[in-house]
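Text of data_2.pdb, listed as PDB, C-alpha atoms, pLDDT in the B column:
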```pdb
MODEL        1
ATOM      1  CA  MET A 181     -65.063 -58.131  20.308  1.00 67.00           C
ATOM      2  CA  LEU A 182     -67.093 -55.061  19.326  1.00 73.00           C
ATOM      3  CA  GLU A 183     -64.054 -52.872  20.036  1.00 78.00           C
ATOM      4  CA  ARG A 184     -61.909 -54.635  17.424  1.00 83.00           C
ATOM      5  CA  THR A 185     -60.519 -52.227  14.842  1.00 86.00           C
ATOM      6  CA  VAL A 186     -61.938 -52.246  11.320  1.00 89.00           C
ATOM      7  CA  LEU A 187     -60.226 -50.572   8.359  1.00 89.00           C
ATOM      8  CA  VAL A 188     -62.478 -48.080   6.569  1.00 89.00           C
ATOM      9  CA  LEU A 189     -62.097 -47.519   2.820  1.00 87.00           C
ATOM     10  CA  ASN A 190     -63.710 -44.721   0.869  1.00 87.00           C
ATOM     11  CA  ARG A 191     -65.771 -45.451  -2.243  1.00 87.00           C
ATOM     12  CA  LEU A 192     -62.543 -45.492  -4.292  1.00 83.00           C
ATOM     13  CA  TRP A 193     -61.132 -48.211  -1.997  1.00 83.00           C
ATOM     14  CA  GLN A 194     -58.568 -45.905  -0.384  1.00 81.00           C
ATOM     15  CA  ALA A 195     -57.945 -46.378   3.339  1.00 81.00           C
ATOM     16  CA  VAL A 196     -59.227 -43.299   5.156  1.00 80.00           C
ATOM     17  CA  ASN A 197     -59.819 -44.333   8.762  1.00 83.00           C
ATOM     18  CA  VAL A 198     -60.289 -47.086  11.294  1.00 85.00           C
ATOM     19  CA  CYS A 199     -63.354 -47.598  13.441  1.00 89.00           C
ATOM     20  CA  SER A 200     -64.625 -50.053  16.002  1.00 89.00           C
ATOM     21  CA  ALA A 201     -66.460 -53.209  14.946  1.00 89.00           C
ATOM     22  CA  LYS A 202     -69.545 -51.766  16.663  1.00 92.00           C
ATOM     23  CA  ARG A 203     -69.419 -48.680  14.419  1.00 93.00           C
ATOM     24  CA  ALA A 204     -68.786 -50.881  11.370  1.00 92.00           C
ATOM     25  CA  PHE A 205     -71.911 -52.924  12.139  1.00 92.00           C
ATOM     26  CA  CYS A 206     -73.943 -49.709  12.466  1.00 93.00           C
ATOM     27  CA  LEU A 207     -72.737 -48.514   9.056  1.00 94.00           C
ATOM     28  CA  LEU A 208     -73.390 -51.945   7.572  1.00 94.00           C
ATOM     29  CA  CYS A 209     -76.945 -52.186   8.980  1.00 92.00           C
ATOM     30  CA  ALA A 210     -77.764 -48.662   7.768  1.00 93.00           C
ATOM     31  CA  GLY A 211     -76.596 -49.489   4.246  1.00 93.00           C
ATOM     32  CA  HIS A 212     -73.811 -46.898   4.392  1.00 94.00           C
ATOM     33  CA  ALA A 213     -71.029 -49.469   3.988  1.00 95.00           C
ATOM     34  CA  GLN A 214     -70.327 -52.987   2.803  1.00 95.00           C
ATOM     35  CA  VAL A 215     -67.905 -55.578   4.094  1.00 93.00           C
ATOM     36  CA  VAL A 216     -64.849 -56.260   1.931  1.00 92.00           C
ATOM     37  CA  HIS A 217     -63.893 -59.931   2.115  1.00 89.00           C
ATOM     38  CA  ALA A 218     -61.207 -61.857   0.237  1.00 82.00           C
ATOM     39  CA  GLU A 219     -62.425 -65.148  -1.180  1.00 80.00           C
ATOM     40  CA  GLY A 220     -59.986 -67.213  -3.215  1.00 77.00           C
ATOM     41  CA  GLY A 221     -57.732 -64.252  -3.950  1.00 75.00           C
ATOM     42  CA  THR A 222     -60.609 -62.061  -5.139  1.00 84.00           C
ATOM     43  CA  PHE A 223     -62.332 -59.324  -3.160  1.00 87.00           C
ATOM     44  CA  PHE A 224     -66.084 -59.406  -2.783  1.00 90.00           C
ATOM     45  CA  THR A 225     -68.372 -56.941  -1.045  1.00 92.00           C
ATOM     46  CA  HIS A 226     -71.235 -57.966   1.197  1.00 94.00           C
ATOM     47  CA  ASP A 227     -74.209 -56.068   2.520  1.00 94.00           C
ATOM     48  CA  PHE A 228     -75.560 -57.010   5.939  1.00 92.00           C
ATOM     49  CA  ASP A 229     -77.725 -59.881   4.672  1.00 92.00           C
ATOM     50  CA  SER A 230     -75.052 -61.520   2.526  1.00 92.00           C
ATOM     51  CA  TRP A 231     -72.467 -61.067   5.312  1.00 91.00           C
ATOM     52  CA  ARG A 232     -74.840 -62.748   7.770  1.00 89.00           C
ATOM     53  CA  ASP A 233     -75.327 -65.616   5.287  1.00 90.00           C
ATOM     54  CA  LEU A 234     -71.574 -65.982   4.762  1.00 87.00           C
ATOM     55  CA  SER A 235     -71.091 -66.003   8.535  1.00 85.00           C
ATOM     56  CA  SER A 236     -73.484 -68.939   8.902  1.00 84.00           C
ATOM     57  CA  ARG A 237     -71.794 -70.846   6.041  1.00 84.00           C
ATOM     58  CA  GLU A 238     -68.193 -70.088   7.088  1.00 77.00           C
ATOM     59  CA  PRO A 239     -68.102 -69.484  10.845  1.00 67.00           C
ATOM     60  CA  CYS A 240     -64.876 -68.194  12.351  1.00 72.00           C
ATOM     61  CA  ASP A 241     -64.950 -68.808  16.105  1.00 62.00           C
ATOM     62  CA  GLU A 242     -62.501 -66.129  17.208  1.00 63.00           C
ATOM     63  CA  ASP A 243     -64.203 -63.426  15.120  1.00 80.00           C
ATOM     64  CA  MET A 244     -67.884 -64.071  15.808  1.00 78.00           C
ATOM     65  CA  VAL A 245     -70.356 -61.859  17.634  1.00 81.00           C
ATOM     66  CA  SER A 246     -73.387 -63.592  19.099  1.00 77.00           C
ATOM     67  CA  THR A 247     -76.839 -62.073  19.403  1.00 78.00           C
ATOM     68  CA  ILE A 248     -80.077 -63.691  20.550  1.00 78.00           C
ATOM     69  CA  SER A 249     -80.984 -64.706  17.011  1.00 79.00           C
ATOM     70  CA  LEU A 250     -77.693 -65.096  15.138  1.00 82.00           C
ATOM     71  CA  LYS A 251     -73.926 -65.281  15.085  1.00 84.00           C
ATOM     72  CA  ILE A 252     -72.113 -62.962  12.709  1.00 88.00           C
ATOM     73  CA  ARG A 253     -68.469 -62.482  11.816  1.00 89.00           C
ATOM     74  CA  VAL A 254     -66.707 -59.268  12.768  1.00 89.00           C
ATOM     75  CA  PRO A 255     -65.720 -57.483   9.540  1.00 91.00           C
ATOM     76  CA  ARG A 256     -62.070 -56.503   9.162  1.00 90.00           C
ATOM     77  CA  VAL A 257     -62.437 -54.101   6.218  1.00 91.00           C
ATOM     78  CA  ILE A 258     -65.449 -52.061   5.120  1.00 93.00           C
ATOM     79  CA  VAL A 259     -65.957 -49.794   2.126  1.00 93.00           C
ATOM     80  CA  LEU A 260     -68.185 -46.730   2.397  1.00 92.00           C
ATOM     81  CA  ALA A 261     -71.023 -46.510  -0.107  1.00 89.00           C
ATOM     82  CA  LEU A 262     -70.914 -42.768  -0.808  1.00 84.00           C
ATOM     83  CA  PHE A 263     -67.781 -41.142   0.616  1.00 71.00           C
ATOM     84  CA  ASP A 264     -65.163 -40.799  -2.132  1.00 59.00           C
ATOM     85  CA  ARG A 265     -62.832 -38.165  -0.689  1.00 62.00           C
ATOM     86  CA  VAL A 266     -59.690 -38.508   1.353  1.00 58.00           C
ATOM     87  CA  PRO A 267     -60.218 -36.461   4.520  1.00 56.00           C
ATOM     88  CA  ARG A 268     -58.307 -33.200   4.416  1.00 59.00           C
ATOM     89  CA  LYS A 269     -56.203 -32.759   7.488  1.00 61.00           C
ATOM     90  CA  GLU A 270     -53.195 -30.658   8.258  1.00 69.00           C
ATOM     91  CA  VAL A 271     -50.108 -31.939   9.972  1.00 76.00           C
ATOM     92  CA  LYS A 272     -50.045 -30.526  13.492  1.00 81.00           C
ATOM     93  CA  PHE A 273     -47.377 -27.917  14.139  1.00 86.00           C
ATOM     94  CA  THR A 274     -45.438 -29.741  16.857  1.00 87.00           C
ATOM     95  CA  ARG A 275     -41.804 -30.166  17.776  1.00 89.00           C
ATOM     96  CA  HIS A 276     -41.997 -33.860  16.830  1.00 86.00           C
ATOM     97  CA  ASN A 277     -43.407 -33.099  13.382  1.00 86.00           C
ATOM     98  CA  ILE A 278     -40.792 -30.431  12.701  1.00 92.00           C
ATOM     99  CA  TYR A 279     -38.081 -32.985  13.489  1.00 92.00           C
ATOM    100  CA  GLU A 280     -39.849 -35.435  11.185  1.00 88.00           C
ATOM    101  CA  ARG A 281     -40.102 -32.906   8.360  1.00 92.00           C
ATOM    102  CA  ASP A 282     -36.420 -31.985   8.662  1.00 95.00           C
ATOM    103  CA  LYS A 283     -35.363 -35.627   9.195  1.00 93.00           C
ATOM    104  CA  ASN A 284     -33.413 -34.767  12.370  1.00 95.00           C
ATOM    105  CA  THR A 285     -31.025 -32.778  10.183  1.00 96.00           C
ATOM    106  CA  CYS A 286     -29.597 -29.346  10.933  1.00 97.00           C
ATOM    107  CA  GLN A 287     -30.892 -27.124   8.160  1.00 97.00           C
ATOM    108  CA  TYR A 288     -27.700 -25.039   8.204  1.00 97.00           C
ATOM    109  CA  CYS A 289     -24.839 -27.580   8.270  1.00 97.00           C
ATOM    110  CA  ASP A 290     -26.893 -30.473   6.810  1.00 96.00           C
ATOM    111  CA  LYS A 291     -25.701 -32.992   9.424  1.00 97.00           C
ATOM    112  CA  VAL A 292     -27.976 -35.529  11.103  1.00 96.00           C
ATOM    113  CA  PHE A 293     -28.145 -35.387  14.904  1.00 96.00           C
ATOM    114  CA  ASP A 294     -29.866 -37.088  17.778  1.00 94.00           C
ATOM    115  CA  ARG A 295     -32.903 -35.034  18.772  1.00 91.00           C
ATOM    116  CA  LYS A 296     -31.398 -34.038  22.087  1.00 92.00           C
ATOM    117  CA  GLU A 297     -28.619 -32.316  20.120  1.00 94.00           C
ATOM    118  CA  LEU A 298     -31.056 -30.252  18.029  1.00 95.00           C
ATOM    119  CA  ASN A 299     -32.870 -26.984  18.661  1.00 93.00           C
ATOM    120  CA  LEU A 300     -35.676 -25.269  16.817  1.00 94.00           C
ATOM    121  CA  ASP A 301     -34.584 -22.016  15.213  1.00 96.00           C
ATOM    122  CA  HIS A 302     -36.535 -19.045  13.882  1.00 96.00           C
ATOM    123  CA  VAL A 303     -34.936 -18.362  10.478  1.00 97.00           C
ATOM    124  CA  ILE A 304     -36.104 -14.766  10.701  1.00 96.00           C
ATOM    125  CA  PRO A 305     -35.657 -13.935  14.400  1.00 96.00           C
ATOM    126  CA  ARG A 306     -38.755 -13.041  16.387  1.00 93.00           C
ATOM    127  CA  GLU A 307     -37.149  -9.703  17.241  1.00 94.00           C
ATOM    128  CA  ARG A 308     -37.279  -8.906  13.522  1.00 94.00           C
ATOM    129  CA  GLY A 309     -40.865  -9.958  13.030  1.00 94.00           C
ATOM    130  CA  GLY A 310     -40.278 -13.645  12.362  1.00 94.00           C
ATOM    131  CA  GLU A 311     -43.319 -15.795  13.025  1.00 94.00           C
ATOM    132  CA  THR A 312     -43.536 -19.156  14.733  1.00 93.00           C
ATOM    133  CA  ASN A 313     -44.851 -21.252  11.868  1.00 94.00           C
ATOM    134  CA  TRP A 314     -43.868 -24.011   9.438  1.00 94.00           C
ATOM    135  CA  GLU A 315     -42.246 -21.539   7.021  1.00 95.00           C
ATOM    136  CA  ASN A 316     -39.957 -19.930   9.615  1.00 96.00           C
ATOM    137  CA  ILE A 317     -38.959 -22.734  12.021  1.00 96.00           C
ATOM    138  CA  VAL A 318     -36.202 -25.224  11.246  1.00 97.00           C
ATOM    139  CA  CYS A 319     -34.075 -27.764  13.077  1.00 96.00           C
ATOM    140  CA  SER A 320     -30.586 -26.586  13.860  1.00 97.00           C
ATOM    141  CA  CYS A 321     -27.742 -28.120  15.777  1.00 96.00           C
ATOM    142  CA  ILE A 322     -26.553 -26.411  18.947  1.00 95.00           C
ATOM    143  CA  LYS A 323     -23.368 -25.170  17.253  1.00 96.00           C
ATOM    144  CA  CYS A 324     -25.200 -23.519  14.328  1.00 96.00           C
ATOM    145  CA  ASN A 325     -27.944 -22.207  16.584  1.00 96.00           C
ATOM    146  CA  THR A 326     -25.398 -20.580  18.897  1.00 95.00           C
ATOM    147  CA  ARG A 327     -23.529 -19.090  15.944  1.00 96.00           C
ATOM    148  CA  LYS A 328     -26.693 -17.657  14.408  1.00 95.00           C
ATOM    149  CA  ALA A 329     -28.178 -16.349  17.673  1.00 93.00           C
ATOM    150  CA  ASN A 330     -30.744 -13.614  16.932  1.00 93.00           C
ATOM    151  CA  ARG A 331     -29.410 -12.751  13.492  1.00 95.00           C
ATOM    152  CA  MET A 332     -30.348 -13.596   9.924  1.00 96.00           C
ATOM    153  CA  PRO A 333     -28.494 -16.638   8.528  1.00 96.00           C
ATOM    154  CA  HIS A 334     -26.632 -14.643   5.855  1.00 95.00           C
ATOM    155  CA  GLU A 335     -25.335 -12.226   8.488  1.00 96.00           C
ATOM    156  CA  VAL A 336     -23.232 -14.989  10.035  1.00 95.00           C
ATOM    157  CA  GLY A 337     -22.335 -16.894   6.867  1.00 96.00           C
ATOM    158  CA  LEU A 338     -25.039 -19.567   7.152  1.00 96.00           C
ATOM    159  CA  ARG A 339     -27.515 -20.599   4.500  1.00 95.00           C
ATOM    160  CA  LEU A 340     -30.561 -22.819   4.591  1.00 95.00           C
ATOM    161  CA  ARG A 341     -30.130 -26.159   2.854  1.00 94.00           C
ATOM    162  CA  ARG A 342     -33.875 -26.462   2.210  1.00 93.00           C
ATOM    163  CA  LYS A 343     -36.666 -23.921   2.276  1.00 94.00           C
ATOM    164  CA  PRO A 344     -38.923 -24.691   5.253  1.00 95.00           C
ATOM    165  CA  GLU A 345     -42.465 -25.534   4.148  1.00 93.00           C
ATOM    166  CA  ARG A 346     -45.692 -26.782   5.645  1.00 89.00           C
ATOM    167  CA  PRO A 347     -45.731 -30.569   5.133  1.00 85.00           C
ATOM    168  CA  ARG A 348     -48.420 -31.978   2.929  1.00 73.00           C
ATOM    169  CA  TRP A 349     -50.774 -34.273   4.741  1.00 60.00           C
ATOM    170  CA  GLN A 350     -50.624 -37.848   3.509  1.00 54.00           C
ATOM    171  CA  PRO A 351     -53.368 -40.442   3.754  1.00 47.00           C
ATOM    172  CA  PHE A 352     -52.897 -42.802   6.718  1.00 46.00           C
ATOM    173  CA  LEU A 353     -50.801 -40.288   8.625  1.00 39.00           C
ATOM    174  CA  HIS A 354     -53.550 -39.809  11.206  1.00 45.00           C
ATOM    175  CA  ILE A 355     -54.814 -43.385  11.291  1.00 51.00           C
ATOM    176  CA  THR A 356     -53.888 -44.826  14.644  1.00 50.00           C
ATOM    177  CA  PHE A 357     -54.842 -48.027  16.386  1.00 48.00           C
ATOM    178  CA  ASP A 358     -53.911 -49.884  19.523  1.00 48.00           C
ATOM    179  CA  SER A 359     -53.143 -53.324  18.150  1.00 53.00           C
ATOM    180  CA  LYS A 360     -51.307 -54.888  15.243  1.00 59.00           C
ATOM    181  CA  PRO A 361     -53.125 -54.383  11.915  1.00 63.00           C
ATOM    182  CA  HIS A 362     -55.131 -57.389  10.735  1.00 69.00           C
ATOM    183  CA  GLU A 363     -53.582 -59.432   7.927  1.00 70.00           C
ATOM    184  CA  SER A 364     -56.444 -58.514   5.581  1.00 73.00           C
ATOM    185  CA  TRP A 365     -55.401 -54.852   5.730  1.00 74.00           C
ATOM    186  CA  ARG A 366     -52.144 -55.460   3.873  1.00 71.00           C
ATOM    187  CA  HIS A 367     -53.871 -55.170   0.503  1.00 71.00           C
ATOM    188  CA  PHE A 368     -54.965 -51.628   1.302  1.00 73.00           C
ATOM    189  CA  ILE A 369     -52.087 -50.184   3.299  1.00 68.00           C
ATOM    190  CA  ASP A 370     -48.363 -50.782   3.342  1.00 54.00           C
ATOM    191  CA  LEU A 371     -47.874 -52.615   6.628  1.00 45.00           C
ATOM    192  CA  ALA A 372     -44.181 -51.792   6.608  1.00 43.00           C
ATOM    193  CA  TYR A 373     -45.222 -48.171   7.148  1.00 46.00           C
ATOM    194  CA  TRP A 374     -46.551 -49.015  10.590  1.00 47.00           C
ATOM    195  CA  HIS A 375     -43.383 -50.775  11.717  1.00 44.00           C
ATOM    196  CA  VAL A 376     -40.812 -48.126  10.788  1.00 43.00           C
ATOM    197  CA  GLU A 377     -39.408 -46.707  14.018  1.00 41.00           C
ATOM    198  CA  LEU A 378     -39.879 -42.965  14.041  1.00 38.00           C
ATOM    199  CA  GLY A 379     -36.807 -40.926  14.976  1.00 34.00           C
TER     200      GLY A 379
ENDMDL
END
```
Spit out the file's structure as structure tokens when you get a sec.
Amino acid sequence: MLERTVLVLNRLWQAVNVCSAKRAFCLLCAGHAQVVHAEGGTFFTHDFDSWRDLSSREPCDEDMVSTISLKIRVPRVIVLALFDRVPRKEVKFTRHNIYERDKNTCQYCDKVFDRKELNLDHVIPRERGGETNWENIVCSCIKCNTRKANRMPHEVGLRLRRKPERPRWQPFLHITFDSKPHESWRHFIDLAYWHVELG
């Protein structure tokens, strides 16, 4: 029960992370967070004492943690008392994320392919000083990649459809969890986001 996932909101009520119920209780007891609970269509926040009181008034058997002296509900959403930033993270430079950025599309012929039919191409070849980074790597189909070889695109009559750029990190991109999100999370994140099959 203490390993259940809890959605963490910053002070501006933006989802920034998930944590275990155990960690949520620690934050709650220390006064660093409050529980967010929907009551009659309205959201209320509870500190540890008021959450304990609510738990005794409205027990919920499948979500209760028992101690020697009390039973308390496991929170599903907490809001941090002080933290008001969205964590700054960069998208990792991986093959998967390059395919995601380019939407499985050859950046020379603009056709969509299955990933096994795509290569990663250095726009400026390494032999000419091209670096392996977001701004110089693109998806290309086998045909275009073979045609380009170790030359510049314009030298073989190819042109980039889109300038390769480092993706901007988006909130929730790095939030991961092992089980289905709790129903109460839907007010703070778009649940459809989690169910879109990635290419």
Go through the shown structure with the PyMOL selection byres ((chain A and resi 207) around 12) and write out the matching residues as a list in words.
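In the shown coordinates, the PyMOL selection byres ((chain A and resi 207) around 12) covers Val186, Val188, Cys199, Ser200, Ala201, Lys202, Arg203, Ala204, Phe205, Cys206, Leu208, Cys209, Ala210, Gly211, His212, Ala213, Gln214, Val215, Asp227, Phe228, Pro255, Ile258, Val259, Leu260, Ala261 and Leu262 of chain A.
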Output check: residues returned by the PyMOL selection byres ((chain A and resi 331) around 10), as a list in words:
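Residues picked by the PyMOL selection byres ((chain A and resi 331) around 10): His302, Val303, Ile304, Pro305, Arg306, Glu307, Arg308, Arg327, Lys328, Ala329, Asn330, Met332, Pro333, His334, Glu335 and Val336 of chain A.
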Requested write-out: C-alpha atoms of the selected residues, as a tab-separated table (two decimals), in the coordinates of the input:
```
chain	number	residue	atom	x	y	z
A	302	HIS	CA	-36.53	-19.05	13.88
A	303	VAL	CA	-34.94	-18.36	10.48
A	304	ILE	CA	-36.10	-14.77	10.70
A	305	PRO	CA	-35.66	-13.94	14.40
A	306	ARG	CA	-38.76	-13.04	16.39
A	307	GLU	CA	-37.15	-9.70	17.24
A	308	ARG	CA	-37.28	-8.91	13.52
A	327	ARG	CA	-23.53	-19.09	15.94
A	328	LYS	CA	-26.69	-17.66	14.41
A	329	ALA	CA	-28.18	-16.35	17.67
A	330	ASN	CA	-30.74	-13.61	16.93
A	332	MET	CA	-30.35	-13.60	9.92
A	333	PRO	CA	-28.49	-16.64	8.53
A	334	HIS	CA	-26.63	-14.64	5.86
A	335	GLU	CA	-25.34	-12.23	8.49
A	336	VAL	CA	-23.23	-14.99	10.04
```
Between CA of His367 in chain A and CA of Lys283 in chain A, distance in Å (one decimal)
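Taking CA of His367 in chain A and CA of Lys283 in chain A, their separation equals 28.3 Å.
Taking CA of Asp229 in chain A and CA of Arg191 in chain A as endpoints, the distance between them is 20.0 Å.
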Quick one: everything within 8 Å of Ser364 in chain A, counting all atoms listed in the file, minus sequence neighbours fewer than 4 positions away in the same chain. Send it as an MDAnalysis selection string.
chainID A and resid 218 256:257
Contact residues around Gln287 in chain A with all atoms listed in the file at 8 Å, ignoring same-chain residues under 3 positions, as a list of chain:residue names:
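Counting all atoms listed in the file, the residues come to A:Asp282, A:Asp290, A:Lys291, A:Val318, A:Cys319, A:Ser320, A:Leu340, A:Arg341, A:Arg342.
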Please dump the current selection as a CSV table (one decimal), in the frame of the given file; keep C-alpha atoms.
```csv
chain,number,residue,atom,x,y,z
A,282,ASP,CA,-36.4,-32.0,8.7
A,290,ASP,CA,-26.9,-30.5,6.8
A,291,LYS,CA,-25.7,-33.0,9.4
A,318,VAL,CA,-36.2,-25.2,11.2
A,319,CYS,CA,-34.1,-27.8,13.1
A,320,SER,CA,-30.6,-26.6,13.9
A,340,LEU,CA,-30.6,-22.8,4.6
A,341,ARG,CA,-30.1,-26.2,2.9
A,342,ARG,CA,-33.9,-26.5,2.2
```
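Atom to atom, CA of Thr312 in chain A and CA of Lys296 in chain A stand 20.6 Å apart.
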Nearest-residue call for Asn190 in chain A, choices A:Val216, A:Cys289, A:Cys324, A:Ile252, using only C-alpha atoms:
A:Val216
How would you write, as a ChimeraX atom specification, the residues chosen by the PyMOL selection byres ((chain A and resi 344) around 6) on this structure?
/A:315,343,345
For the selection just defined, write its residues with C-alpha atoms to a file, as a JSON list (two decimals), keeping the file's coordinate frame.
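The new file selection17.json reads:
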```
[["chain", "number", "residue", "atom", "x", "y", "z"],
["A", 315, "GLU", "CA", -42.25, -21.54, 7.02],
["A", 343, "LYS", "CA", -36.67, -23.92, 2.28],
["A", 345, "GLU", "CA", -42.46, -25.53, 4.15]]
```
Enclosing box along x, y and z for every listed atom of range 267-286 of chain A, padded 5 Å each side, centre and size in Å, one decimal, as JSON:
```
{"center_x": -44.9, "center_y": -32.2, "center_z": 11.1, "size_x": 40.6, "size_y": 18.5, "size_z": 23.4}
```
From the options A:Ile248, A:Glu238, A:Gly309, A:Phe263, which residue's atoms come nearest to Leu192 in chain A, counting only C-alpha atoms?
A:Phe263
Rank A:Ser236, A:Phe368, A:Ile317, A:Cys286 by their smallest atom-to-atom distance to Leu189 in chain A, using all atoms listed in the file, and report the top residue only.
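Checking each candidate against Leu189 in chain A, we get A:Phe368 as the closest.
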Leaving out range 270-280 of chain A and any residue of its chain fewer than 4 positions from it, which residues lie within 8 Å of it when counting all atoms listed in the file, given as JSON, numbers by chain?
{"A": [284, 285, 295, 300, 313, 314, 317, 318, 319, 347, 348, 349, 379]}
